[in-house]
>>> print(open('coords_23.txt').read())   # compact mmCIF, C-alpha atoms
# COMPACT_ATOMS: atom_id res chain seq x y z
CA MET J 1 166.66 -47.82 74.48
CA PRO J 2 167.27 -51.21 76.10
CA LEU J 3 167.33 -51.19 79.89
CA LEU J 4 170.99 -52.25 80.04
CA GLY J 5 172.00 -49.40 77.76
CA LEU J 6 170.11 -46.92 79.93
CA VAL J 7 171.91 -48.22 83.02
CA HIS J 8 175.27 -47.75 81.30
CA ILE J 9 174.36 -44.15 80.38
CA LEU J 10 173.24 -43.37 83.94
CA ILE J 11 176.48 -44.76 85.34
CA ALA J 12 178.45 -42.68 82.84
CA ILE J 13 176.50 -39.56 83.88
CA TYR J 14 177.26 -40.27 87.54
CA PHE J 15 180.98 -40.55 86.86
CA ALA J 16 180.86 -37.47 84.61
CA VAL J 17 179.40 -35.42 87.46
CA HIS J 18 182.11 -36.80 89.76
CA ALA J 19 184.79 -35.86 87.21
CA VAL J 20 183.53 -32.28 86.91
CA ARG J 21 183.11 -31.78 90.67
CA THR J 22 186.57 -33.09 91.47
CA GLY J 23 188.28 -31.06 88.73
CA ARG J 24 189.33 -33.96 86.50
CA GLU J 25 190.56 -33.44 82.96
CA LEU J 26 187.75 -32.90 80.44
CA TYR J 27 188.89 -35.80 78.25
CA TRP J 28 187.28 -38.10 80.83
CA LEU J 29 183.87 -36.83 79.66
CA PHE J 30 184.74 -37.90 76.12
CA VAL J 31 185.83 -41.34 77.36
CA LEU J 32 182.71 -41.81 79.48
CA PHE J 33 180.17 -40.90 76.79
CA MET J 34 181.92 -42.34 73.76
CA PHE J 35 182.38 -45.69 75.54
CA PRO J 36 179.64 -45.77 78.23
CA MET J 37 180.40 -49.22 79.65
CA LEU J 38 184.15 -49.50 79.05
CA GLY J 39 184.75 -45.84 79.87
CA SER J 40 182.90 -46.15 83.17
CA LEU J 41 184.95 -49.22 84.11
CA VAL J 42 188.19 -47.41 83.31
CA TYR J 43 187.12 -44.32 85.26
CA PHE J 44 186.07 -46.42 88.23
CA ALA J 45 189.41 -48.24 88.35
CA ALA J 46 191.65 -45.26 87.58
CA ILE J 47 189.93 -42.39 89.41
CA TYR J 48 186.91 -43.29 91.52
CA LEU J 49 188.18 -46.34 93.43
CA PRO J 50 191.53 -44.80 94.47
CA GLN J 51 189.60 -41.94 96.12
CA SER J 52 187.27 -44.28 98.03
CA ARG J 53 187.66 -44.82 101.76
CA LEU J 54 188.08 -48.59 101.33
CA GLU J 55 190.95 -48.12 98.88
CA ARG J 56 192.66 -45.64 101.20
CA SER J 57 192.21 -47.97 104.19
CA LEU J 58 193.63 -50.94 102.33
CA GLY J 59 196.47 -48.79 101.05
CA LYS J 60 197.33 -47.65 104.56
CA ALA J 61 197.31 -51.22 105.84
CA ALA J 62 199.53 -52.45 103.01
CA GLY J 63 201.84 -49.49 103.45
CA ALA J 64 202.19 -50.17 107.17
CA VAL J 65 203.23 -53.76 106.46
CA ARG J 66 205.82 -52.66 103.88
CA ARG J 67 207.22 -50.02 106.22
CA SER J 68 207.55 -52.51 109.06
CA LEU J 69 209.48 -54.94 106.85
CA ASP J 70 211.74 -52.33 105.26
CA PRO J 71 211.22 -48.84 106.76
CA GLY J 72 213.38 -46.99 104.24
CA ARG J 73 212.37 -48.80 101.09
CA ALA J 74 209.70 -46.39 99.83
CA LEU J 75 211.95 -43.37 100.32
CA ARG J 76 214.91 -45.07 98.61
CA GLU J 77 212.81 -46.10 95.63
CA ALA J 78 211.28 -42.63 95.33
CA HIS J 79 214.73 -41.03 95.42
CA GLN J 80 216.03 -43.45 92.78
CA ALA J 81 213.04 -42.89 90.50
CA PHE J 82 213.32 -39.11 90.73
CA ASP J 83 217.09 -39.15 90.21
CA LEU J 84 216.67 -41.34 87.14
CA THR J 85 213.66 -39.51 85.69
CA PRO J 86 212.96 -36.14 87.34
CA THR J 87 209.35 -35.86 86.21
CA ALA J 88 206.57 -34.07 88.08
CA HIS J 89 205.00 -37.43 88.92
CA ASN J 90 208.20 -38.81 90.43
CA GLN J 91 208.74 -35.61 92.38
CA THR J 92 205.26 -35.98 93.82
CA GLN J 93 206.01 -39.55 94.86
CA LEU J 94 209.26 -38.39 96.47
CA ALA J 95 207.41 -35.69 98.41
CA ARG J 96 204.89 -38.25 99.68
CA ALA J 97 207.67 -40.64 100.71
CA MET J 98 209.42 -37.85 102.61
CA LEU J 99 206.17 -37.00 104.38
CA ASP J 100 205.66 -40.64 105.38
CA ALA J 101 209.28 -40.82 106.58
CA GLY J 102 208.87 -37.81 108.85
CA MET J 103 211.07 -35.54 106.71
CA TYR J 104 208.53 -32.75 106.93
CA ALA J 105 210.65 -29.74 105.90
CA GLN J 106 211.99 -31.59 102.87
CA ALA J 107 208.49 -32.79 101.98
CA VAL J 108 207.18 -29.21 102.07
CA GLU J 109 209.97 -28.12 99.69
CA GLN J 110 209.18 -30.92 97.25
CA PHE J 111 205.42 -30.30 97.38
CA ASP J 112 205.99 -26.58 96.79
CA ALA J 113 207.97 -27.48 93.68
CA CYS J 114 205.18 -29.82 92.55
CA LEU J 115 202.60 -27.07 92.99
CA ARG J 116 204.58 -24.84 90.64
CA GLY J 117 204.47 -27.49 87.93
CA PRO J 118 201.85 -29.13 85.71
CA PHE J 119 200.11 -30.71 88.73
CA SER J 120 199.57 -27.37 90.48
CA GLY J 121 195.80 -27.81 90.49
CA ASP J 122 195.75 -31.48 91.49
CA PRO J 123 193.62 -31.76 94.66
CA GLU J 124 195.47 -34.83 95.95
CA ILE J 125 198.81 -33.00 95.82
CA ARG J 126 197.34 -29.88 97.40
CA PHE J 127 195.87 -31.97 100.22
CA ALA J 128 199.15 -33.82 100.84
CA ALA J 129 201.04 -30.50 100.76
CA ALA J 130 198.75 -29.19 103.51
CA GLN J 131 199.45 -32.32 105.56
CA ALA J 132 203.18 -31.68 105.21
CA ARG J 133 202.80 -28.05 106.24
CA LEU J 134 200.84 -28.99 109.35
CA ALA J 135 203.47 -31.57 110.28
CA ASN J 136 206.16 -28.92 109.72
CA ASN J 137 204.50 -26.49 112.15
CA GLN J 138 203.09 -24.31 109.38
CA ALA J 139 199.46 -24.54 110.44
CA ASP J 140 198.48 -21.04 109.29
CA THR J 141 199.80 -21.69 105.78
CA ALA J 142 198.03 -25.06 105.70
CA ILE J 143 194.75 -23.40 106.70
CA GLY J 144 194.92 -21.05 103.75
CA ALA J 145 195.73 -23.89 101.37
CA LEU J 146 192.86 -26.03 102.64
CA LEU J 147 190.34 -23.19 102.45
CA GLU J 148 191.35 -22.66 98.83
CA LEU J 149 191.06 -26.40 98.19
CA ARG J 150 187.54 -26.50 99.65
CA LYS J 151 186.58 -23.54 97.48
CA SER J 152 187.93 -24.98 94.23
CA HIS J 153 187.01 -28.65 94.90
CA PRO J 154 184.09 -28.63 97.39
CA THR J 155 183.37 -32.36 97.08
CA PHE J 156 186.96 -33.59 97.17
CA ARG J 157 187.54 -35.94 100.15
CA GLU J 158 185.23 -33.83 102.26
CA GLU J 159 185.69 -35.76 105.50
CA GLN J 160 189.49 -35.85 105.32
CA VAL J 161 189.74 -32.17 104.35
CA MET J 162 187.46 -31.14 107.21
CA VAL J 163 189.38 -33.07 109.86
CA LEU J 164 192.74 -31.83 108.57
CA LEU J 165 191.48 -28.25 108.56
CA ALA J 166 190.14 -28.66 112.10
CA ARG J 167 193.51 -30.01 113.25
CA CYS J 168 195.20 -27.03 111.60
CA TYR J 169 192.88 -24.64 113.44
CA ALA J 170 193.76 -26.36 116.71
CA ALA J 171 197.49 -26.22 115.99
CA ALA J 172 197.14 -22.50 115.24
CA ASP J 173 195.31 -21.98 118.58
CA LYS J 174 192.09 -21.14 116.75
CA HIS J 175 190.09 -23.44 118.99
CA MET J 176 186.69 -21.87 118.40
CA ASP J 177 187.06 -22.56 114.69
CA ALA J 178 188.43 -26.04 115.42
CA GLY J 179 185.55 -26.94 117.74
CA ALA J 180 182.91 -25.67 115.32
CA LEU J 181 184.42 -27.58 112.40
CA PHE J 182 184.89 -30.79 114.39
CA GLY J 183 181.26 -30.58 115.52
CA GLU J 184 180.01 -30.09 111.98
CA ALA J 185 182.27 -32.81 110.62
CA VAL J 186 181.32 -35.49 113.15
CA THR J 187 177.65 -34.80 112.44
CA ARG J 188 178.12 -35.21 108.71
CA PHE J 189 180.76 -37.98 108.84
CA PRO J 190 180.45 -39.95 112.10
CA SER J 191 183.31 -42.30 111.22
CA ILE J 192 185.85 -43.86 113.55
CA GLU J 193 188.58 -41.47 112.41
CA MET J 194 186.40 -38.40 112.78
CA ARG J 195 185.12 -39.29 116.24
CA ALA J 196 188.65 -40.15 117.38
CA GLU J 197 190.08 -36.85 116.16
CA TYR J 198 187.22 -34.96 117.82
CA ALA J 199 187.74 -36.86 121.09
CA MET J 200 191.50 -36.22 121.06
CA TRP J 201 190.94 -32.52 120.45
CA ALA J 202 188.39 -32.39 123.30
CA LEU J 203 190.84 -34.18 125.62
CA SER J 204 193.56 -31.69 124.72
CA ARG J 205 191.13 -28.92 125.71
CA ARG J 206 190.21 -30.80 128.92
CA ASP J 207 186.58 -30.90 127.83
CA GLN J 208 185.75 -34.24 129.42
CA VAL J 209 182.03 -34.08 128.69
CA LEU J 210 182.58 -33.60 124.97
CA ALA J 211 185.33 -36.22 124.90
CA ASP J 212 183.22 -38.78 126.78
CA ALA J 213 180.39 -38.44 124.26
CA GLN J 214 182.72 -39.44 121.43
CA LEU J 215 184.56 -42.08 123.47
CA LYS J 216 181.26 -43.76 124.31
CA GLU J 217 180.43 -44.16 120.60
CA LEU J 218 183.97 -45.28 119.81
CA ASN J 219 184.08 -47.89 122.56
CA HIS J 220 180.72 -49.29 121.43
CA SER J 221 181.96 -49.60 117.83
CA ARG J 222 185.26 -51.05 118.97
CA LYS J 223 183.59 -53.91 120.84
CA HIS J 224 181.78 -55.08 117.72
CA MET J 225 184.64 -54.79 115.22
CA SER J 226 186.25 -57.77 113.59
CA LYS J 227 189.99 -58.26 113.99
CA TYR J 228 190.51 -57.13 110.42
CA THR J 229 188.54 -53.91 110.92
CA LEU J 230 190.41 -53.24 114.16
CA SER J 231 193.70 -53.64 112.30
CA LEU J 232 192.64 -50.98 109.79
CA HIS J 233 192.09 -48.53 112.66
CA GLN J 234 195.06 -49.68 114.74
CA ASP J 235 197.04 -46.44 114.45
CA THR J 236 193.98 -44.31 115.23
CA PHE J 237 193.16 -46.29 118.37
CA LYS J 238 196.79 -46.19 119.53
CA ARG J 239 196.79 -42.40 119.33
CA LEU J 240 193.42 -42.23 121.03
CA ASP J 241 194.43 -44.56 123.88
CA ALA J 242 197.60 -42.53 124.42
CA ALA J 243 195.56 -39.33 124.63
CA VAL J 244 193.18 -40.91 127.15
CA GLN J 245 196.05 -42.17 129.29
CA MET J 246 197.72 -38.76 129.21
CA GLN J 247 194.49 -37.13 130.36
CA ARG J 248 194.13 -39.59 133.24
CA GLY J 249 197.71 -38.94 134.31
CA ARG J 250 197.17 -35.22 134.69
>>> encode(input="coords_23.txt", output="structure tokens")
Amino acid sequence: MPLLGLVHILIAIYFAVHAVRTGRELYWLFVLFMFPMLGSLVYFAAIYLPQSRLERSLGKAAGAVRRSLDPGRALREAHQAFDLTPTAHNQTQLARAMLDAGMYAQAVEQFDACLRGPFSGDPEIRFAAAQARLANNQADTAIGALLELRKSHPTFREEQVMVLLARCYAAADKHMDAGALFGEAVTRFPSIEMRAEYAMWALSRRDQVLADAQLKELNHSRKHMSKYTLSLHQDTFKRLDAAVQMQRGR
């Protein structure tokens, strides 16, 4: 087998493992192995890239710009699309728009409806539904949903699921569980977001030693970031700075 063909097969196998672990439809396996090069390109663009951290960061940045120019546009368009064609996909988009707009109770209702439909097993929807429940002061319900998500899709967005679950534990006053999960998560995923969430939780618990350890790493990273990278983490640093100032004012 030529070397290039072997590379294509190995790439297809990698994406096939990803598809199985993340609970994707089985037809992706057919696509990947019947068309090793083209199938892998399609899977990368349609499934793998949208789940990557870079894609999510760029999406957040673009979304922030759109919201600043026209804050209600996404919600209006989602409402119009669902009113015109009330499909499960459009209902999911409406639920996400409501969550982004701060309409947490309405978002929970829409996500609950989505989870009773054909997308009931979709990990992205289940994750977003847990976000809505946490925002709507339903931390205990969100904890159960996230534990089930980790069980059924153990490799799905592991860092984001862990930090959301830790925040849910904290909101439910289960601080021993929150601290243990934050500690595990920051060891496995020492990203800016993870360290910031851990530091903010420690500050809320008035654990200055633990908070300072994370703040030291964050401040070091912050000094060496480009303006573009700083802009991607702008919201995270704003929340972190506010938490630090609140702690100093006590």
>>> atom_distance(input="coords_23.txt", atom1="CA of Ile47 (chain J)", atom2="CA of Glu124 (chain J)")
11.4 Å
>>> atom_distance(input="coords_23.txt", atom1="CA of Tyr198 (chain J)", atom2="CA of Asp177 (chain J)")
12.8 Å
>>> closest_residue(input="coords_23.txt", among="J:Ser204, J:Gln234, J:Ser152, J:Gln91", to="Leu75 (chain J)", atoms="only C-alpha atoms")
J:Gln91
>>> residues_around(input="coords_23.txt", residues="Arg206 (chain J)", least_positions_apart="6", cutoff="12 Å", atoms="all atoms listed in the file", output="PyMOL selection string")
chain J and resi 199-200+212+243-244+246-248+250
>>> write_last_selection(input="coords_23.txt", atoms="C-alpha atoms", output="mmCIF file, in the coordinates of the input")
data_model
loop_
_atom_site.group_PDB
_atom_site.id
_atom_site.type_symbol
_atom_site.label_atom_id
_atom_site.label_comp_id
_atom_site.auth_asym_id
_atom_site.auth_seq_id
_atom_site.Cartn_x
_atom_site.Cartn_y
_atom_site.Cartn_z
ATOM 1 C CA ALA J 199 187.740 -36.860 121.090
ATOM 2 C CA MET J 200 191.500 -36.220 121.060
ATOM 3 C CA ASP J 212 183.220 -38.780 126.780
ATOM 4 C CA ALA J 243 195.560 -39.330 124.630
ATOM 5 C CA VAL J 244 193.180 -40.910 127.150
ATOM 6 C CA MET J 246 197.720 -38.760 129.210
ATOM 7 C CA GLN J 247 194.490 -37.130 130.360
ATOM 8 C CA ARG J 248 194.130 -39.590 133.240
ATOM 9 C CA ARG J 250 197.170 -35.220 134.690
#
>>> atom_distance(input="coords_23.txt", atom1="CA of Ala130 (chain J)", atom2="CA of Asp241 (chain J)")
25.9 Å
>>> axis_aligned_box(input="coords_23.txt", around="region 214-218 of chain J", padding_each_side="5 Å", output="AutoDock Vina command-line options")
--center_x 182.5 --center_y -42.4 --center_z 122.1 --size_x 14.1 --size_y 15.8 --size_z 14.5
>>> build_atoms(input="coords_23.txt", residues="region 82-109 of chain J", atoms="N, CA and C atoms", output="mmCIF file, in the coordinates of the input")
data_model
loop_
_atom_site.group_PDB
_atom_site.id
_atom_site.type_symbol
_atom_site.label_atom_id
_atom_site.label_comp_id
_atom_site.auth_asym_id
_atom_site.auth_seq_id
_atom_site.Cartn_x
_atom_site.Cartn_y
_atom_site.Cartn_z
ATOM 1 N N PHE J 82 213.222 -40.531 91.057
ATOM 2 C CA PHE J 82 213.320 -39.110 90.730
ATOM 3 C C PHE J 82 214.700 -38.768 90.176
ATOM 4 N N ASP J 83 215.746 -39.385 90.733
ATOM 5 C CA ASP J 83 217.090 -39.150 90.210
ATOM 6 C C ASP J 83 217.230 -39.639 88.771
ATOM 7 N N LEU J 84 216.592 -40.772 88.480
ATOM 8 C CA LEU J 84 216.670 -41.340 87.140
ATOM 9 C C LEU J 84 215.819 -40.557 86.152
ATOM 10 N N THR J 85 214.593 -40.229 86.562
ATOM 11 C CA THR J 85 213.660 -39.510 85.690
ATOM 12 C C THR J 85 212.974 -38.414 86.505
ATOM 13 N N PRO J 86 213.500 -37.214 86.500
ATOM 14 C CA PRO J 86 212.960 -36.140 87.340
ATOM 15 C C PRO J 86 211.673 -35.516 86.791
ATOM 16 N N THR J 87 210.642 -36.344 86.687
ATOM 17 C CA THR J 87 209.350 -35.860 86.210
ATOM 18 C C THR J 87 208.535 -35.309 87.381
ATOM 19 N N ALA J 88 207.452 -34.611 87.046
ATOM 20 C CA ALA J 88 206.570 -34.070 88.080
ATOM 21 C C ALA J 88 205.938 -35.204 88.889
ATOM 22 N N HIS J 89 205.595 -36.293 88.207
ATOM 23 C CA HIS J 89 205.000 -37.430 88.920
ATOM 24 C C HIS J 89 205.971 -38.015 89.931
ATOM 25 N N ASN J 90 207.204 -38.225 89.517
ATOM 26 C CA ASN J 90 208.200 -38.810 90.430
ATOM 27 C C ASN J 90 208.539 -37.860 91.575
ATOM 28 N N GLN J 91 208.500 -36.570 91.302
ATOM 29 C CA GLN J 91 208.740 -35.610 92.380
ATOM 30 C C GLN J 91 207.605 -35.654 93.404
ATOM 31 N N THR J 92 206.399 -35.846 92.918
ATOM 32 C CA THR J 92 205.260 -35.980 93.820
ATOM 33 C C THR J 92 205.402 -37.216 94.700
ATOM 34 N N GLN J 93 205.810 -38.326 94.095
ATOM 35 C CA GLN J 93 206.010 -39.550 94.860
ATOM 36 C C GLN J 93 207.124 -39.378 95.896
ATOM 37 N N LEU J 94 208.170 -38.655 95.536
ATOM 38 C CA LEU J 94 209.260 -38.390 96.470
ATOM 39 C C LEU J 94 208.767 -37.542 97.645
ATOM 40 N N ALA J 95 207.960 -36.544 97.347
ATOM 41 C CA ALA J 95 207.410 -35.690 98.410
ATOM 42 C C ALA J 95 206.556 -36.508 99.366
ATOM 43 N N ARG J 96 205.731 -37.406 98.831
ATOM 44 C CA ARG J 96 204.890 -38.250 99.680
ATOM 45 C C ARG J 96 205.748 -39.180 100.544
ATOM 46 N N ALA J 97 206.793 -39.744 99.954
ATOM 47 C CA ALA J 97 207.670 -40.640 100.710
ATOM 48 C C ALA J 97 208.377 -39.891 101.833
ATOM 49 N N MET J 98 208.792 -38.664 101.570
ATOM 50 C CA MET J 98 209.420 -37.850 102.610
ATOM 51 C C MET J 98 208.435 -37.543 103.730
ATOM 52 N N LEU J 99 207.196 -37.260 103.371
ATOM 53 C CA LEU J 99 206.170 -37.000 104.380
ATOM 54 C C LEU J 99 205.964 -38.228 105.258
ATOM 55 N N ASP J 100 205.854 -39.397 104.632
ATOM 56 C CA ASP J 100 205.660 -40.640 105.380
ATOM 57 C C ASP J 100 206.862 -40.965 106.262
ATOM 58 N N ALA J 101 208.058 -40.531 105.826
ATOM 59 C CA ALA J 101 209.280 -40.820 106.580
ATOM 60 C C ALA J 101 209.556 -39.802 107.680
ATOM 61 N N GLY J 102 208.683 -38.808 107.807
ATOM 62 C CA GLY J 102 208.870 -37.810 108.850
ATOM 63 C C GLY J 102 209.829 -36.694 108.464
ATOM 64 N N MET J 103 210.182 -36.604 107.193
ATOM 65 C CA MET J 103 211.070 -35.540 106.710
ATOM 66 C C MET J 103 210.194 -34.368 106.259
ATOM 67 N N TYR J 104 209.598 -33.704 107.225
ATOM 68 C CA TYR J 104 208.530 -32.750 106.930
ATOM 69 C C TYR J 104 209.023 -31.514 106.176
ATOM 70 N N ALA J 105 210.140 -30.936 106.594
ATOM 71 C CA ALA J 105 210.650 -29.740 105.900
ATOM 72 C C ALA J 105 210.986 -30.055 104.453
ATOM 73 N N GLN J 106 211.640 -31.197 104.232
ATOM 74 C CA GLN J 106 211.990 -31.590 102.870
ATOM 75 C C GLN J 106 210.737 -31.884 102.040
ATOM 76 N N ALA J 107 209.739 -32.497 102.687
ATOM 77 C CA ALA J 107 208.490 -32.790 101.980
ATOM 78 C C ALA J 107 207.801 -31.498 101.546
ATOM 79 N N VAL J 108 207.796 -30.495 102.416
ATOM 80 C CA VAL J 108 207.180 -29.210 102.070
ATOM 81 C C VAL J 108 207.886 -28.607 100.847
ATOM 82 N N GLU J 109 209.217 -28.663 100.822
ATOM 83 C CA GLU J 109 209.970 -28.120 99.690
ATOM 84 C C GLU J 109 209.606 -28.834 98.390
#
